[in-house]
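**Q** my_file15.cif is the file, holding mmCIF, C-alpha atoms and all ligand atoms:
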```cif
data_start
#
loop_
_atom_site.label_atom_id
_atom_site.label_comp_id
_atom_site.auth_asym_id
_atom_site.auth_seq_id
_atom_site.Cartn_x
_atom_site.Cartn_y
_atom_site.Cartn_z
CA MET A 1 20.28 149.04 92.45
CA HIS A 2 23.58 149.57 94.24
CA ASP A 3 25.07 147.15 96.77
CA LEU A 4 25.50 149.16 99.95
CA ILE A 5 24.86 152.62 101.30
CA ILE A 6 26.60 153.79 104.47
CA ARG A 7 24.63 156.63 106.06
CA ASN A 8 25.88 159.46 108.27
CA VAL A 9 29.63 159.09 108.67
CA ASN A 10 32.47 161.51 109.35
CA LEU A 11 35.40 161.41 106.97
CA VAL A 12 39.11 161.74 107.71
CA ASP A 13 39.24 165.17 106.00
CA GLY A 14 36.75 166.56 108.54
CA ARG A 15 33.51 166.39 106.53
CA CYS A 16 30.60 165.28 108.74
CA GLY A 17 27.21 163.73 108.03
CA GLN A 18 28.26 162.07 104.76
CA ASP A 19 26.71 159.12 102.96
CA VAL A 20 28.82 156.69 100.92
CA LEU A 21 27.23 154.74 98.07
CA ILE A 22 28.88 151.53 96.87
CA GLY A 23 28.37 149.40 93.77
CA ALA A 24 30.37 146.69 92.02
CA GLY A 25 33.16 146.89 94.58
CA ARG A 26 33.76 150.61 94.06
CA ILE A 27 32.64 153.82 95.72
CA VAL A 28 30.00 155.40 93.49
CA ALA A 29 29.20 158.62 95.34
CA VAL A 30 29.99 160.49 98.56
CA GLY A 31 27.88 163.34 99.90
CA PRO A 32 25.29 164.47 102.45
CA ALA A 33 21.85 162.78 102.36
CA LEU A 34 22.40 160.96 99.06
CA ASP A 35 19.17 160.28 97.20
CA ALA A 36 19.92 156.65 96.40
CA THR A 37 18.93 153.14 97.32
CA ALA A 38 20.98 150.02 97.76
CA SER A 39 20.35 146.41 98.73
CA GLY A 40 22.12 146.99 102.04
CA THR A 41 22.25 149.92 104.44
CA LEU A 42 24.75 150.52 107.24
CA ASP A 43 24.02 153.22 109.80
CA GLY A 44 27.31 155.01 110.42
CA GLY A 45 25.95 156.75 113.50
CA GLY A 46 28.17 159.80 113.04
CA ASN A 47 31.31 157.69 113.40
CA LEU A 48 34.52 157.92 111.38
CA LEU A 49 34.74 156.06 108.07
CA SER A 50 38.38 155.72 107.08
CA PRO A 51 40.05 153.87 104.26
CA PRO A 52 41.53 150.68 105.76
CA PHE A 53 44.74 150.61 107.77
CA ILE A 54 47.94 149.65 105.99
CA ASP A 55 51.06 148.11 107.52
CA ALA A 56 54.07 149.08 105.40
CA HIS A 57 56.52 146.85 107.26
CA PHE A 58 55.91 143.38 108.64
CA HIS A 59 57.48 139.91 108.94
CA MET A 60 54.77 137.35 108.33
CA ASP A 61 57.14 134.36 108.12
CA SER A 62 58.16 134.77 111.76
CA THR A 63 54.90 135.96 113.26
CA LEU A 64 53.38 134.02 116.17
CA THR A 65 56.61 132.08 116.84
CA TYR A 66 57.29 133.73 120.20
CA GLY A 67 59.17 131.37 122.52
CA MET A 68 60.28 129.01 119.72
CA PRO A 69 62.76 127.61 120.59
CA ARG A 70 63.35 130.13 123.39
CA VAL A 71 62.78 133.78 124.30
CA ASN A 72 65.16 136.62 123.33
CA GLN A 73 67.00 137.31 126.61
CA SER A 74 68.96 140.45 125.69
CA GLY A 75 66.06 142.07 123.83
CA THR A 76 68.42 143.09 121.01
CA LEU A 77 68.06 142.91 117.23
CA LEU A 78 71.18 140.75 117.01
CA GLU A 79 69.95 138.09 119.45
CA GLY A 80 66.63 138.13 117.57
CA ILE A 81 68.45 137.41 114.29
CA ALA A 82 70.46 134.64 115.99
CA LEU A 83 67.28 133.16 117.48
CA TRP A 84 65.54 133.23 114.10
CA GLY A 85 68.63 131.45 112.69
CA GLU A 86 68.13 128.66 115.25
CA LEU A 87 64.47 128.37 114.39
CA LYS A 88 64.79 128.45 110.58
CA PRO A 89 66.05 124.89 109.96
CA THR A 90 63.12 123.49 111.95
CA LEU A 91 60.41 125.45 110.12
CA VAL A 92 57.64 123.54 108.40
CA GLN A 93 55.75 125.11 105.51
CA ASP A 94 52.27 124.19 106.72
CA ALA A 95 52.92 125.74 110.11
CA ILE A 96 54.14 129.00 108.54
CA VAL A 97 50.97 129.14 106.44
CA GLU A 98 48.78 128.38 109.45
CA ARG A 99 50.36 131.11 111.58
CA ALA A 100 50.25 133.65 108.75
CA LEU A 101 46.57 132.96 108.09
CA ALA A 102 45.82 133.31 111.80
CA TYR A 103 47.58 136.68 111.77
CA CYS A 104 45.65 137.77 108.65
CA ASP A 105 42.42 137.03 110.54
CA TRP A 106 43.60 139.34 113.34
CA ALA A 107 44.49 141.98 110.75
CA VAL A 108 41.10 141.91 109.05
CA ALA A 109 39.30 142.15 112.39
CA LYS A 110 41.34 145.30 113.09
CA GLY A 111 40.59 146.88 109.70
CA LEU A 112 44.14 146.24 108.43
CA LEU A 113 43.63 145.25 104.78
CA ALA A 114 47.05 145.75 103.17
CA ILE A 115 50.40 144.51 104.49
CA ARG A 116 53.91 144.67 103.04
CA SER A 117 55.73 141.68 104.51
CA HIS A 118 59.39 140.92 104.20
CA VAL A 119 60.14 137.23 103.66
CA ASP A 120 63.53 135.72 104.45
CA VAL A 121 65.24 134.32 101.33
CA CYS A 122 68.44 133.07 103.00
CA ASP A 123 67.18 129.51 103.47
CA SER A 124 67.94 127.79 100.15
CA ARG A 125 64.76 125.74 100.45
CA LEU A 126 62.78 129.01 100.09
CA LEU A 127 60.26 127.40 102.41
CA ALA A 128 58.97 130.68 103.78
CA VAL A 129 58.76 132.21 100.31
CA GLU A 130 56.58 129.37 99.04
CA ALA A 131 54.45 129.52 102.18
CA LEU A 132 53.80 133.26 101.92
CA LEU A 133 53.12 133.09 98.17
CA ASP A 134 50.44 130.54 99.05
CA VAL A 135 49.11 132.82 101.80
CA ARG A 136 49.12 135.84 99.46
CA ALA A 137 46.88 133.97 97.00
CA ARG A 138 44.56 132.67 99.72
CA VAL A 139 43.97 136.03 101.41
CA LYS A 140 43.69 138.04 98.18
CA PRO A 141 39.89 138.37 98.34
CA TYR A 142 40.15 140.21 101.65
CA LEU A 143 43.72 141.42 102.20
CA ASP A 144 46.46 142.77 99.90
CA LEU A 145 49.74 141.11 100.82
CA GLN A 146 52.87 142.51 99.17
CA LEU A 147 56.06 140.47 99.61
CA VAL A 148 59.66 141.70 99.85
CA ALA A 149 62.59 139.36 99.11
CA PHE A 150 64.59 139.94 102.29
CA PRO A 151 68.17 138.63 102.73
CA GLN A 152 67.95 138.51 106.55
CA ASP A 153 71.49 137.16 107.05
CA GLY A 154 73.07 139.63 104.61
CA LEU A 155 73.36 139.58 100.82
CA LEU A 156 77.17 139.39 100.67
CA ARG A 157 77.67 137.90 104.14
CA THR A 158 75.92 134.65 103.24
CA PRO A 159 77.01 132.75 100.12
CA GLY A 160 74.27 131.99 97.61
CA THR A 161 71.88 134.65 98.87
CA LEU A 162 71.76 136.73 95.67
CA ALA A 163 70.80 133.62 93.71
CA ASN A 164 68.12 132.78 96.28
CA LEU A 165 66.79 136.34 96.13
CA ARG A 166 66.56 136.18 92.33
CA ARG A 167 64.73 132.84 92.58
CA ALA A 168 62.27 134.35 95.04
CA LEU A 169 61.53 137.21 92.64
CA ALA A 170 61.10 134.73 89.78
CA LEU A 171 58.62 132.77 91.90
CA GLY A 172 56.49 135.90 92.31
CA VAL A 173 57.82 137.89 95.26
CA ASP A 174 57.11 141.56 94.51
CA VAL A 175 59.80 143.83 95.98
CA VAL A 176 63.61 143.81 96.33
CA GLY A 177 64.79 143.93 99.96
CA GLY A 178 68.17 144.35 101.67
CA ILE A 179 69.94 144.78 105.01
CA PRO A 180 73.16 146.77 104.38
CA HIS A 181 73.93 147.44 108.07
CA PHE A 182 74.16 143.68 108.72
CA GLU A 183 76.85 143.11 106.07
CA ARG A 184 80.35 142.58 107.51
CA THR A 185 81.75 146.01 106.56
CA MET A 186 80.43 149.44 105.62
CA ALA A 187 81.91 148.86 102.14
CA ASP A 188 79.99 145.59 101.76
CA GLY A 189 76.83 147.34 102.96
CA ALA A 190 77.22 150.01 100.28
CA GLU A 191 77.99 147.35 97.67
CA SER A 192 74.85 145.41 98.60
CA VAL A 193 72.76 148.57 98.12
CA ARG A 194 74.24 149.09 94.64
CA ILE A 195 73.70 145.46 93.58
CA LEU A 196 70.11 145.37 94.83
CA CYS A 197 69.12 148.75 93.36
CA GLU A 198 70.56 147.74 89.99
CA LEU A 199 68.62 144.47 90.16
CA ALA A 200 65.43 146.40 90.92
CA ALA A 201 66.07 148.84 88.06
CA ASP A 202 66.70 145.97 85.63
CA GLU A 203 63.53 144.15 86.64
CA GLY A 204 61.27 147.20 87.16
CA ARG A 205 60.76 146.39 90.86
CA LEU A 206 60.10 148.46 93.95
CA VAL A 207 62.81 148.45 96.65
CA ASP A 208 62.42 148.33 100.45
CA MET A 209 65.56 147.90 102.52
CA HIS A 210 66.05 147.45 106.22
CA CYS A 211 68.52 150.28 106.57
CA ASP A 212 70.71 151.43 109.46
CA GLU A 213 68.74 149.62 112.18
CA THR A 214 71.44 150.37 114.72
CA ASP A 215 72.37 153.05 117.25
CA ASP A 216 75.68 153.62 115.44
CA PRO A 217 75.49 157.19 114.12
CA LEU A 218 78.08 156.34 111.45
CA SER A 219 75.79 153.80 109.81
CA ARG A 220 74.87 155.91 106.76
CA HIS A 221 73.55 153.41 104.22
CA ILE A 222 70.44 155.53 103.74
CA GLU A 223 72.70 158.06 102.00
CA THR A 224 73.91 155.35 99.62
CA LEU A 225 70.34 154.14 99.08
CA ALA A 226 69.18 157.67 98.17
CA PHE A 227 72.23 158.10 95.89
CA TRP A 228 71.52 154.93 93.89
CA THR A 229 67.82 155.78 93.78
CA GLN A 230 68.66 159.01 91.97
CA ARG A 231 71.44 157.54 89.84
CA LEU A 232 69.20 154.74 88.54
CA GLY A 233 66.03 156.80 88.13
CA LEU A 234 64.16 154.90 90.87
CA GLN A 235 62.60 158.02 92.45
CA GLY A 236 59.30 157.26 94.18
CA ARG A 237 59.96 153.49 94.05
CA VAL A 238 62.34 153.03 97.00
CA THR A 239 61.74 152.78 100.74
CA GLY A 240 64.19 152.96 103.64
CA SER A 241 62.88 150.99 106.63
CA HIS A 242 63.89 151.72 110.23
CA LEU A 243 66.70 154.32 109.71
CA THR A 244 67.23 154.26 113.47
CA SER A 245 70.86 155.45 113.25
CA MET A 246 69.42 158.84 112.23
CA HIS A 247 68.26 159.18 115.84
CA SER A 248 71.92 159.30 116.94
CA MET A 249 73.46 161.15 114.00
CA ASP A 250 75.08 164.55 114.12
CA ASN A 251 72.57 167.31 113.36
CA ASP A 252 74.80 168.95 110.74
CA TYR A 253 74.99 165.71 108.78
CA VAL A 254 71.22 165.17 109.06
CA SER A 255 70.60 168.70 107.75
CA LYS A 256 72.15 167.51 104.48
CA LEU A 257 70.74 163.98 104.58
CA ILE A 258 67.02 164.77 104.90
CA PRO A 259 66.91 166.94 101.75
CA LEU A 260 68.72 164.13 99.89
CA ILE A 261 66.05 161.60 101.01
CA ARG A 262 63.32 164.02 99.95
CA ASP A 263 64.88 164.81 96.56
CA ALA A 264 65.33 161.10 95.83
CA GLN A 265 61.66 160.62 96.79
CA VAL A 266 62.65 157.75 99.09
CA GLY A 267 59.79 156.72 101.40
CA VAL A 268 60.55 156.02 105.06
CA VAL A 269 59.05 153.45 107.40
CA ALA A 270 59.57 153.88 111.14
CA ASN A 271 58.65 150.93 113.37
CA PRO A 272 58.03 152.56 116.75
CA LEU A 273 56.91 149.55 118.81
CA ILE A 274 59.98 147.57 117.82
CA ASN A 275 62.61 150.26 117.81
CA ILE A 276 61.66 151.76 121.16
CA THR A 277 62.34 148.30 122.61
CA LEU A 278 65.26 146.98 120.48
CA GLN A 279 67.40 150.12 120.33
CA GLY A 280 69.40 151.75 123.10
CA ARG A 281 70.08 148.37 124.73
CA ARG A 282 73.76 149.15 125.19
CA ASP A 283 73.02 152.55 126.70
CA THR A 284 72.93 153.08 130.43
CA TYR A 285 71.32 156.50 131.03
CA PRO A 286 70.36 158.62 129.22
CA LYS A 287 68.86 155.85 127.06
CA ARG A 288 68.17 156.60 123.40
CA ARG A 289 64.69 156.16 121.94
CA GLY A 290 65.72 154.47 118.70
CA MET A 291 63.10 155.82 116.34
CA THR A 292 64.13 157.75 113.26
CA ARG A 293 63.42 161.49 112.98
CA VAL A 294 59.77 161.21 111.98
CA PRO A 295 58.46 164.78 112.48
CA GLU A 296 61.51 166.30 110.77
CA LEU A 297 61.22 163.93 107.79
CA MET A 298 57.49 164.66 107.50
CA ALA A 299 58.13 168.42 107.70
CA ALA A 300 60.60 168.11 104.82
CA GLY A 301 57.91 166.46 102.67
CA VAL A 302 59.06 162.83 102.91
CA ASP A 303 56.37 160.11 102.90
CA VAL A 304 56.69 158.48 106.34
CA ALA A 305 54.72 155.43 107.44
CA PHE A 306 54.59 153.64 110.78
CA GLY A 307 54.96 149.85 110.53
CA HIS A 308 54.14 147.10 113.04
CA ASP A 309 57.25 145.09 112.03
CA CYS A 310 56.75 142.11 114.35
CA VAL A 311 54.04 140.40 116.38
CA MET A 312 54.97 137.66 118.85
CA ASP A 313 58.27 136.54 117.33
CA PRO A 314 62.02 136.48 118.22
CA TRP A 315 62.13 140.30 118.22
CA TYR A 316 58.85 141.31 119.87
CA ALA A 317 56.61 139.53 122.36
CA LEU A 318 53.50 141.67 121.98
CA GLY A 319 51.24 143.12 119.28
CA SER A 320 47.76 142.45 117.91
CA ALA A 321 47.64 143.83 114.32
CA ASP A 322 46.26 147.08 115.73
CA MET A 323 47.68 149.93 113.64
CA LEU A 324 46.12 152.45 116.02
CA GLU A 325 48.44 151.09 118.72
CA VAL A 326 51.35 151.53 116.30
CA ALA A 327 50.26 155.11 115.49
CA SER A 328 49.88 155.89 119.18
CA MET A 329 53.38 154.64 120.00
CA GLY A 330 54.87 156.56 117.05
CA LEU A 331 53.10 159.71 118.15
CA HIS A 332 54.42 159.36 121.70
CA VAL A 333 58.00 158.45 120.81
CA GLY A 334 58.15 161.27 118.24
CA GLN A 335 56.53 163.76 120.65
CA MET A 336 54.01 164.54 117.89
CA THR A 337 51.50 165.97 120.33
CA SER A 338 50.39 169.06 118.38
CA ALA A 339 46.97 168.78 116.72
CA ALA A 340 48.67 168.51 113.32
CA GLY A 341 51.19 165.99 114.67
CA MET A 342 48.52 163.65 116.04
CA ARG A 343 46.62 163.92 112.77
CA SER A 344 49.76 163.05 110.78
CA ALA A 345 50.24 159.92 112.93
CA PHE A 346 46.93 158.66 111.51
CA ASP A 347 48.19 159.39 107.96
CA ALA A 348 51.26 157.29 108.79
CA VAL A 349 49.09 154.14 109.02
CA THR A 350 46.73 155.02 106.12
CA VAL A 351 47.50 157.32 103.16
CA ASN A 352 51.29 157.49 103.51
CA PRO A 353 51.82 153.70 103.37
CA ALA A 354 49.25 153.54 100.52
CA ARG A 355 51.64 155.68 98.47
CA ILE A 356 54.69 153.69 99.60
CA LEU A 357 53.05 150.39 98.57
CA HIS A 358 51.77 151.93 95.30
CA LEU A 359 48.21 150.83 96.12
CA ASP A 360 45.59 151.70 93.49
CA GLY A 361 42.18 153.21 94.23
CA TYR A 362 42.82 153.92 97.92
CA GLY A 363 40.53 156.39 99.66
CA ILE A 364 36.93 157.32 100.36
CA ALA A 365 36.05 159.02 97.07
CA PRO A 366 34.10 158.16 93.91
CA GLY A 367 35.97 155.59 91.85
CA CYS A 368 38.06 154.27 94.76
CA ARG A 369 37.93 150.65 95.87
CA ALA A 370 35.09 150.12 98.34
CA ASP A 371 37.43 149.16 101.20
CA ALA A 372 36.90 150.95 104.51
CA VAL A 373 36.77 150.69 108.27
CA LEU A 374 34.05 152.25 110.42
CA LEU A 375 35.66 153.36 113.68
CA GLN A 376 33.93 154.21 116.94
CA ALA A 377 35.35 157.74 116.98
CA HIS A 378 34.51 161.12 115.53
CA ASP A 379 37.90 161.95 114.02
CA PRO A 380 41.36 160.43 113.45
CA THR A 381 42.91 161.74 116.65
CA GLU A 382 40.06 160.38 118.73
CA ALA A 383 40.48 157.04 116.95
CA ILE A 384 44.12 156.91 118.07
CA ARG A 385 43.31 158.03 121.61
CA LEU A 386 40.60 155.39 122.07
CA ARG A 387 42.16 152.61 119.93
CA ALA A 388 38.65 152.85 118.53
CA ALA A 389 36.50 149.74 118.08
CA ARG A 390 36.24 148.59 114.46
CA ILE A 391 32.46 148.62 114.20
CA ALA A 392 32.57 147.37 110.60
CA VAL A 393 35.32 146.42 108.17
CA ILE A 394 34.35 146.63 104.51
CA ARG A 395 36.13 145.00 101.57
CA ALA A 396 34.93 145.45 97.99
CA GLY A 397 31.59 146.72 99.31
CA LYS A 398 30.95 143.77 101.65
CA ILE A 399 31.10 143.80 105.45
CA ILE A 400 33.75 141.21 106.31
CA ALA A 401 34.21 141.89 110.05
CA GLU A 402 32.23 143.52 112.82
CA SER A 403 32.98 144.39 116.44
CA PRO A 404 30.56 145.58 119.08
CA ALA A 405 30.95 149.23 120.00
CA SER A 406 32.93 149.64 123.20
CA ALA A 407 30.64 150.53 126.12
CA ALA A 408 30.53 150.33 129.88
CA MET A 409 27.74 150.80 132.43
CA LEU A 410 28.54 152.36 135.77
CA HIS A 411 26.70 151.36 138.93
CA ILE A 412 28.03 153.85 141.45
CA GLU A 413 26.44 156.14 143.97
CA GLY A 414 23.00 154.88 143.00
CA ARG A 415 23.15 156.47 139.54
CA PRO A 416 23.39 153.88 136.74
CA SER A 417 25.01 155.60 133.78
CA ARG A 418 26.67 154.79 130.51
CA VAL A 419 30.28 155.87 130.04
CA ASP A 420 30.92 158.01 126.98
CA TRP A 421 34.66 158.29 126.24
CA THR A 422 34.16 161.00 123.65
CA HIS A 423 35.05 164.41 124.99
CA ARG A 424 35.29 167.46 122.76
CA PRO A 425 36.08 170.50 124.89
CA ASN A 426 36.63 172.83 121.95
CA ARG A 427 33.21 172.24 120.41
CA THR A 428 30.49 174.80 121.13
ZN ZN A 501 61.75 144.41 109.67
#
```
Rewrite the structure of this file - the entire thing - as structure tokens.

**A**
Amino acid sequence: MHDLIIRNVNLVDGRCGQDVLIGAGRIVAVGPALDATASGTLDGGGNLLSPPFIDAHFHMDSTLTYGMPRVNQSGTLLEGIALWGELKPTLVQDAIVERALAYCDWAVAKGLLAIRSHVDVCDSRLLAVEALLDVRARVKPYLDLQLVAFPQDGLLRTPGTLANLRRALALGVDVVGGIPHFERTMADGAESVRILCELAADEGRLVDMHCDETDDPLSRHIETLAFWTQRLGLQGRVTGSHLTSMHSMDNDYVSKLIPLIRDAQVGVVANPLINITLQGRRDTYPKRRGMTRVPELMAAGVDVAFGHDCVMDPWYALGSADMLEVASMGLHVGQMTSAAGMRSAFDAVTVNPARILHLDGYGIAPGCRADAVLLQAHDPTEAIRLRAARIAVIRAGKIIAESPASAAMLHIEGRPSRVDWTHRPNRT
């Protein structure tokens, strides 16, 4: 006897009317009208069953601190970093854990079951590191939390940071982080990239650097990151996060840069909610958008994910762990309005970050982990358009969250009727 059978779902690849059989935490079979029984049955109702959402870029140590000790007045990255610097000495470990766990609850309810979070290692107490290692262990049964050792105040700019970063890795943090554009000089930025990539190569770690999060078109640390990736044989193991300077770069230079990123197999994470608000703050009009060149990178064959980055912290006042909101913003900012473009925005919060995080067994196919989200939508684009309700969230074959389907009753002109937001003009 198997554990669960989900009847009549659509899949992301377009197959309709599929059943999904689950046993021992894995997907056993997928197909139409499966002849099988299980102890539990979930009626999919023709809705979309997707593998869970993944956030490839987040800051869980700062989440839910909005307004502490004050609000970011300029709306810039630099005031956010300064504000976080004011807050850091007052942080208490229990409170970080409590806020992170509250956020993880939001994430699960939204079908977000894997998060890569950067954790600031510049505070010698490593308070946030210890807190998030604790959180990672506590949420493991229901959420995969991957941690990046992140030198928020700069690796070379702040004495003692390299030692702190090494200690964080020794304590169990997974990935090597960096922030070359925040070092004092371009030369120091490049040097920090070399040091951190060599450290990752020595220790067999993945790398994910905040890179060129600025409107300065001459901030070109992504080139250095791709260079060291190739030089040290780290292809497929390195991620460049943000890359917002690419928005403002000269097109001739970018025509050489994008093939370099692709050849080095460097993954890219754009954070559309954050960068549409943080960047371009010194512009009058026209005002730059501040998201990296997502459609062009995707067209070149680069793995691009959309990250949430922040929720209610010194950099961003909004957010709710809803990766469909993130995908929608990325789609709009990148003008990805073709059918293929909208579809690829869904990939940017599912399969693409799964590759960037090196997640095992991700997908709706026999042998994959039985993790999934049942969305009140027929296909991925409709899910983005509707910010579809998460009817059921499944982890290791068990339903761990449910939401009522979104519905409304109209009482107008004497004709009570139920609103149906699905609209498929091209279907005959
Ligand atoms: Zn970030």

**Q** One decimal, Å: what's the distance from atom CA of Pro272 of chain A over to atom CA of Arg205 of chain A, could you say?

**A** 26.8 Å

**Q** Counting only C-alpha atoms and all ligand atoms, what are the residues, protein, DNA or RNA alike, that approach ligand ZN 501 (chain A) to within 12 Å? I want them as an MDAnalysis selection string.

**A** chainID A and resid 55:63 77 80:81 116:120 148:152 177:179 208:213 240:244 269:275 278 306:311 313:316

**Q** Rank A:Arg166, A:Met323, A:Val333, A:His181 by their smallest atom-to-atom distance to Arg288 of chain A, using all atoms listed in the file, and report the top residue only.

**A**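 Counting all atoms listed in the file, the residue closest to Arg288 of chain A is A:Val333.
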
**Q** Show me, as a PyMOL selection string, the residues that have an atom within 8 Å of segment 355-367 of chain A when counting all atoms listed in the file, minus same-chain residues fewer than 5 positions from it.

**A** chain A and resi 11+26-30+50-51+56+116+146+236-237+239+267+303+372

**Q** Would you save the residues from that selection as a PDB file, in the coordinates of the input, using C-alpha atoms?

**A**
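What follows is the written file again14.pdb:
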```pdb
ATOM      1  CA  LEU A  11      35.400 161.410 106.970  1.00  0.00           C
ATOM      2  CA  ARG A  26      33.760 150.610  94.060  1.00  0.00           C
ATOM      3  CA  ILE A  27      32.640 153.820  95.720  1.00  0.00           C
ATOM      4  CA  VAL A  28      30.000 155.400  93.490  1.00  0.00           C
ATOM      5  CA  ALA A  29      29.200 158.620  95.340  1.00  0.00           C
ATOM      6  CA  VAL A  30      29.990 160.490  98.560  1.00  0.00           C
ATOM      7  CA  SER A  50      38.380 155.720 107.080  1.00  0.00           C
ATOM      8  CA  PRO A  51      40.050 153.870 104.260  1.00  0.00           C
ATOM      9  CA  ALA A  56      54.070 149.080 105.400  1.00  0.00           C
ATOM     10  CA  ARG A 116      53.910 144.670 103.040  1.00  0.00           C
ATOM     11  CA  GLN A 146      52.870 142.510  99.170  1.00  0.00           C
ATOM     12  CA  GLY A 236      59.300 157.260  94.180  1.00  0.00           C
ATOM     13  CA  ARG A 237      59.960 153.490  94.050  1.00  0.00           C
ATOM     14  CA  THR A 239      61.740 152.780 100.740  1.00  0.00           C
ATOM     15  CA  GLY A 267      59.790 156.720 101.400  1.00  0.00           C
ATOM     16  CA  ASP A 303      56.370 160.110 102.900  1.00  0.00           C
ATOM     17  CA  ALA A 372      36.900 150.950 104.510  1.00  0.00           C
TER      18      ALA A 372
END
```

**Q** Under the rule that only C-alpha atoms are counted, which of A:Leu318, A:Ala109, A:Cys122, A:Leu331 is the nearest residue to Ala168 of chain A?

**A**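 Closest to Ala168 of chain A of all the choices is A:Cys122.
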
**Q** Could you tell me which of A:Gln376, A:Thr65, A:Asn8, A:Thr350 comes closest to Tyr103 of chain A if we count all atoms listed in the file?

**A**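 Closest residue, counting all atoms listed in the file: A:Thr65.
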
**Q** Excluding Lys398 of chain A and any residue of its chain fewer than 3 positions from it, enumerate the residues within 12 Å of it, using only C-alpha atoms, and give them as a list of chain:residue names.

**A** A:His2, A:Asp3, A:Leu4, A:Ile5, A:Ile6, A:Ile22, A:Gly23, A:Ala24, A:Gly25, A:Arg26, A:Ile27, A:Ser39, A:Gly40, A:Thr41, A:Leu42, A:Pro141, A:Tyr142, A:Arg369, A:Ala370, A:Asp371, A:Ala372, A:Val373, A:Ala392, A:Val393, A:Ile394, A:Arg395, A:Ala401, A:Glu402

**Q** Could you please take those selected residues and save C-alpha atoms as a PDB file, keeping the file's coordinate frame?

**A**
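See out.pdb below for the written result:
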```pdb
ATOM      1  CA  HIS A   2      23.580 149.570  94.240  1.00  0.00           C
ATOM      2  CA  ASP A   3      25.070 147.150  96.770  1.00  0.00           C
ATOM      3  CA  LEU A   4      25.500 149.160  99.950  1.00  0.00           C
ATOM      4  CA  ILE A   5      24.860 152.620 101.300  1.00  0.00           C
ATOM      5  CA  ILE A   6      26.600 153.790 104.470  1.00  0.00           C
ATOM      6  CA  ILE A  22      28.880 151.530  96.870  1.00  0.00           C
ATOM      7  CA  GLY A  23      28.370 149.400  93.770  1.00  0.00           C
ATOM      8  CA  ALA A  24      30.370 146.690  92.020  1.00  0.00           C
ATOM      9  CA  GLY A  25      33.160 146.890  94.580  1.00  0.00           C
ATOM     10  CA  ARG A  26      33.760 150.610  94.060  1.00  0.00           C
ATOM     11  CA  ILE A  27      32.640 153.820  95.720  1.00  0.00           C
ATOM     12  CA  SER A  39      20.350 146.410  98.730  1.00  0.00           C
ATOM     13  CA  GLY A  40      22.120 146.990 102.040  1.00  0.00           C
ATOM     14  CA  THR A  41      22.250 149.920 104.440  1.00  0.00           C
ATOM     15  CA  LEU A  42      24.750 150.520 107.240  1.00  0.00           C
ATOM     16  CA  PRO A 141      39.890 138.370  98.340  1.00  0.00           C
ATOM     17  CA  TYR A 142      40.150 140.210 101.650  1.00  0.00           C
ATOM     18  CA  ARG A 369      37.930 150.650  95.870  1.00  0.00           C
ATOM     19  CA  ALA A 370      35.090 150.120  98.340  1.00  0.00           C
ATOM     20  CA  ASP A 371      37.430 149.160 101.200  1.00  0.00           C
ATOM     21  CA  ALA A 372      36.900 150.950 104.510  1.00  0.00           C
ATOM     22  CA  VAL A 373      36.770 150.690 108.270  1.00  0.00           C
ATOM     23  CA  ALA A 392      32.570 147.370 110.600  1.00  0.00           C
ATOM     24  CA  VAL A 393      35.320 146.420 108.170  1.00  0.00           C
ATOM     25  CA  ILE A 394      34.350 146.630 104.510  1.00  0.00           C
ATOM     26  CA  ARG A 395      36.130 145.000 101.570  1.00  0.00           C
ATOM     27  CA  ALA A 401      34.210 141.890 110.050  1.00  0.00           C
ATOM     28  CA  GLU A 402      32.230 143.520 112.820  1.00  0.00           C
TER      29      GLU A 402
END
```
